[in-house]
Amino acid sequence: MQRLARFAQEEHGSELVEFAMSSLIFFLMLLGLFEFCLALYADHFVSYAASEGARYAVVRGSSWASSCGASYATYSCTAAGSNVSDYVKSITPGGITVSHLTVNTTYQAGPSGGGCTGPDLGCMVQVTVSYPFDFLLPLVSVSAFTLQSSSAMTVSQ
(Lines give C-alpha, C1' and ligand atoms only; values in the text may rest on other atoms or scores of the structure.)
Protein backbone atom coordinates (compact mmCIF):
# COMPACT_ATOMS: atom_id res chain seq x y z
CA MET A 1 0.00 0.00 0.00
CA GLN A 2 2.88 2.32 0.83
CA ARG A 3 4.47 1.73 -2.60
CA LEU A 4 1.19 2.61 -4.32
CA ALA A 5 0.89 5.89 -2.40
CA ARG A 6 4.47 6.81 -3.25
CA PHE A 7 3.88 5.95 -6.94
CA ALA A 8 0.77 8.17 -7.04
CA GLN A 9 2.71 11.14 -5.64
CA GLU A 10 5.56 10.94 -8.12
CA GLU A 11 5.24 12.77 -11.44
CA HIS A 12 7.54 10.66 -13.63
CA GLY A 13 6.00 10.17 -17.08
CA SER A 14 3.38 12.90 -16.80
CA GLU A 15 5.05 14.82 -19.62
CA LEU A 16 4.68 11.81 -21.87
CA VAL A 17 0.95 11.59 -21.18
CA GLU A 18 0.50 15.34 -21.75
CA PHE A 19 2.47 15.14 -25.00
CA ALA A 20 0.39 12.20 -26.23
CA MET A 21 -2.88 14.00 -25.53
CA SER A 22 -1.83 17.31 -27.04
CA SER A 23 -0.24 15.70 -30.12
CA LEU A 24 -3.45 13.74 -30.77
CA ILE A 25 -5.45 16.98 -30.79
CA PHE A 26 -2.82 18.68 -32.96
CA PHE A 27 -2.80 15.92 -35.58
CA LEU A 28 -6.59 15.75 -35.69
CA MET A 29 -6.71 19.49 -36.33
CA LEU A 30 -4.00 19.15 -39.00
CA LEU A 31 -5.90 16.36 -40.80
CA GLY A 32 -9.10 18.43 -40.57
CA LEU A 33 -7.25 21.32 -42.20
CA PHE A 34 -6.12 19.01 -45.02
CA GLU A 35 -9.71 17.85 -45.55
CA PHE A 36 -10.94 21.44 -45.66
CA CYS A 37 -8.25 22.34 -48.21
CA LEU A 38 -9.24 19.36 -50.37
CA ALA A 39 -12.89 20.47 -50.26
CA LEU A 40 -11.85 24.01 -51.23
CA TYR A 41 -9.74 22.58 -54.07
CA ALA A 42 -12.71 20.56 -55.38
CA ASP A 43 -15.04 23.57 -55.09
CA HIS A 44 -12.59 25.74 -57.01
CA PHE A 45 -12.35 23.15 -59.77
CA VAL A 46 -16.15 22.84 -60.05
CA SER A 47 -16.40 26.63 -60.56
CA TYR A 48 -13.57 26.62 -63.05
CA ALA A 49 -15.03 23.66 -64.96
CA ALA A 50 -18.44 25.33 -65.32
CA SER A 51 -16.95 28.51 -66.73
CA GLU A 52 -14.57 26.60 -69.04
CA GLY A 53 -17.42 24.41 -70.28
CA ALA A 54 -19.53 27.47 -71.10
CA ARG A 55 -16.56 29.11 -72.79
CA TYR A 56 -15.92 25.93 -74.79
CA ALA A 57 -19.51 26.01 -76.09
CA VAL A 58 -19.45 29.75 -76.85
CA VAL A 59 -16.13 29.68 -78.70
CA ARG A 60 -17.18 26.78 -80.91
CA GLY A 61 -20.68 28.14 -81.45
CA SER A 62 -22.66 27.15 -84.51
CA SER A 63 -19.96 27.50 -87.14
CA TRP A 64 -17.51 24.71 -86.24
CA ALA A 65 -17.04 21.32 -87.88
CA SER A 66 -18.96 18.32 -86.56
CA SER A 67 -16.04 15.93 -85.98
CA CYS A 68 -14.07 15.96 -82.73
CA GLY A 69 -11.33 13.50 -83.59
CA ALA A 70 -9.21 12.09 -80.77
CA SER A 71 -8.85 15.20 -78.62
CA TYR A 72 -11.46 17.58 -77.22
CA ALA A 73 -8.81 20.26 -76.79
CA THR A 74 -8.69 20.86 -80.54
CA TYR A 75 -10.82 23.46 -82.24
CA SER A 76 -12.55 20.97 -84.56
CA CYS A 77 -15.29 19.99 -82.08
CA THR A 78 -18.81 21.33 -82.03
CA ALA A 79 -20.51 22.50 -78.88
CA ALA A 80 -23.09 19.76 -78.41
CA GLY A 81 -23.86 18.79 -74.82
CA SER A 82 -21.85 15.58 -75.01
CA ASN A 83 -18.84 17.45 -76.44
CA VAL A 84 -18.94 19.98 -73.61
CA SER A 85 -19.23 17.19 -71.03
CA ASP A 86 -16.33 15.26 -72.56
CA TYR A 87 -14.21 18.40 -72.68
CA VAL A 88 -14.86 19.27 -69.02
CA LYS A 89 -14.03 15.72 -67.99
CA SER A 90 -10.81 15.87 -70.03
CA ILE A 91 -9.51 18.89 -68.07
CA THR A 92 -10.14 17.31 -64.66
CA PRO A 93 -6.99 17.48 -62.50
CA GLY A 94 -5.68 14.89 -60.07
CA GLY A 95 -7.56 14.48 -56.81
CA ILE A 96 -10.96 14.77 -58.50
CA THR A 97 -12.71 11.52 -59.48
CA VAL A 98 -13.84 11.93 -63.09
CA SER A 99 -16.55 9.27 -62.82
CA HIS A 100 -18.29 11.25 -60.04
CA LEU A 101 -18.32 14.50 -62.05
CA THR A 102 -21.69 15.45 -63.58
CA VAL A 103 -21.89 17.98 -66.42
CA ASN A 104 -25.23 19.24 -67.77
CA THR A 105 -25.42 21.54 -70.79
CA THR A 106 -28.63 23.33 -71.73
CA TYR A 107 -29.38 25.84 -74.47
CA GLN A 108 -32.00 28.55 -73.95
CA ALA A 109 -33.30 31.43 -76.00
CA GLY A 110 -31.01 34.40 -75.74
CA PRO A 111 -31.91 38.09 -75.75
CA SER A 112 -32.97 37.89 -79.40
CA GLY A 113 -35.61 35.24 -78.61
CA GLY A 114 -36.44 32.23 -80.77
CA GLY A 115 -36.11 28.53 -80.05
CA CYS A 116 -32.71 27.06 -79.29
CA THR A 117 -31.93 23.36 -79.46
CA GLY A 118 -28.17 23.61 -79.85
CA PRO A 119 -25.27 26.02 -80.14
CA ASP A 120 -27.09 28.39 -82.51
CA LEU A 121 -26.11 32.03 -82.87
CA GLY A 122 -27.74 34.15 -80.15
CA CYS A 123 -28.65 31.21 -77.92
CA MET A 124 -27.60 31.13 -74.30
CA VAL A 125 -25.65 28.10 -73.12
CA GLN A 126 -25.70 27.14 -69.45
CA VAL A 127 -23.23 24.58 -68.11
CA THR A 128 -23.82 23.14 -64.64
CA VAL A 129 -21.11 21.02 -63.02
CA SER A 130 -21.69 19.06 -59.82
CA TYR A 131 -19.37 16.87 -57.77
CA PRO A 132 -20.17 14.89 -54.61
CA PHE A 133 -17.39 15.51 -52.08
CA ASP A 134 -16.65 12.76 -49.60
CA PHE A 135 -14.42 13.17 -46.56
CA LEU A 136 -11.49 10.76 -46.48
CA LEU A 137 -11.19 10.56 -42.72
CA PRO A 138 -13.43 7.99 -41.03
CA LEU A 139 -13.58 10.21 -37.94
CA VAL A 140 -15.79 12.75 -39.71
CA SER A 141 -19.38 11.59 -39.63
CA VAL A 142 -20.58 14.08 -42.25
CA SER A 143 -21.98 12.37 -45.31
CA ALA A 144 -21.04 13.46 -48.83
CA PHE A 145 -22.21 16.89 -49.87
CA THR A 146 -22.56 18.10 -53.42
CA LEU A 147 -20.46 20.94 -54.77
CA GLN A 148 -22.20 22.64 -57.68
CA SER A 149 -21.53 25.59 -59.97
CA SER A 150 -23.17 26.99 -63.05
CA SER A 151 -22.07 29.36 -65.80
CA ALA A 152 -24.09 30.88 -68.63
CA MET A 153 -22.91 32.70 -71.78
CA THR A 154 -24.40 33.70 -75.12
CA VAL A 155 -23.19 32.11 -78.35
CA SER A 156 -21.89 35.00 -80.42
CA GLN A 157 -20.38 33.33 -83.50
# chains A, B, ... in the order shown; residues from 1 in each chain; ligands from 1

$ residues_around --residues "region 92-105 of chain A" --least-positions-apart "6" --cutoff "6 Å" --atoms "only C-alpha atoms" --output "PyMOL selection string"
chain A and resi 81+85+126-131

$ residues_around --residues "Tyr48 (chain A)" --least-positions-apart "3" --cutoff "10 Å" --atoms "only C-alpha atoms" --output "PyMOL selection string"
chain A and resi 42-45+51-53+88+129+149-151

$ atom_distance --atom1 "CA of Leu31 (chain A)" --atom2 "CA of Leu16 (chain A)"
22.2 Å

$ closest_residue --among "A:Ala50, A:Leu136, A:Val59, A:Leu40" --to "Thr154 (chain A)" --atoms "only C-alpha atoms"
A:Val59

$ residues_around --residues "Ser143 (chain A)" --least-positions-apart "6" --cutoff "12 Å" --atoms "only C-alpha atoms" --output "list of chain:residue names"
A:Pro132, A:Phe133, A:Asp134, A:Phe135, A:Leu136, A:Leu137

$ atom_distance --atom1 "CA of Tyr107 (chain A)" --atom2 "CA of Cys123 (chain A)"
6.4 Å

$ atom_distance --atom1 "CA of Arg55 (chain A)" --atom2 "CA of Phe145 (chain A)"
26.6 Å

$ closest_residue --among "A:Ser90, A:Asn83, A:Ser22, A:Ser14" --to "Ala54 (chain A)" --atoms "only C-alpha atoms"
A:Asn83
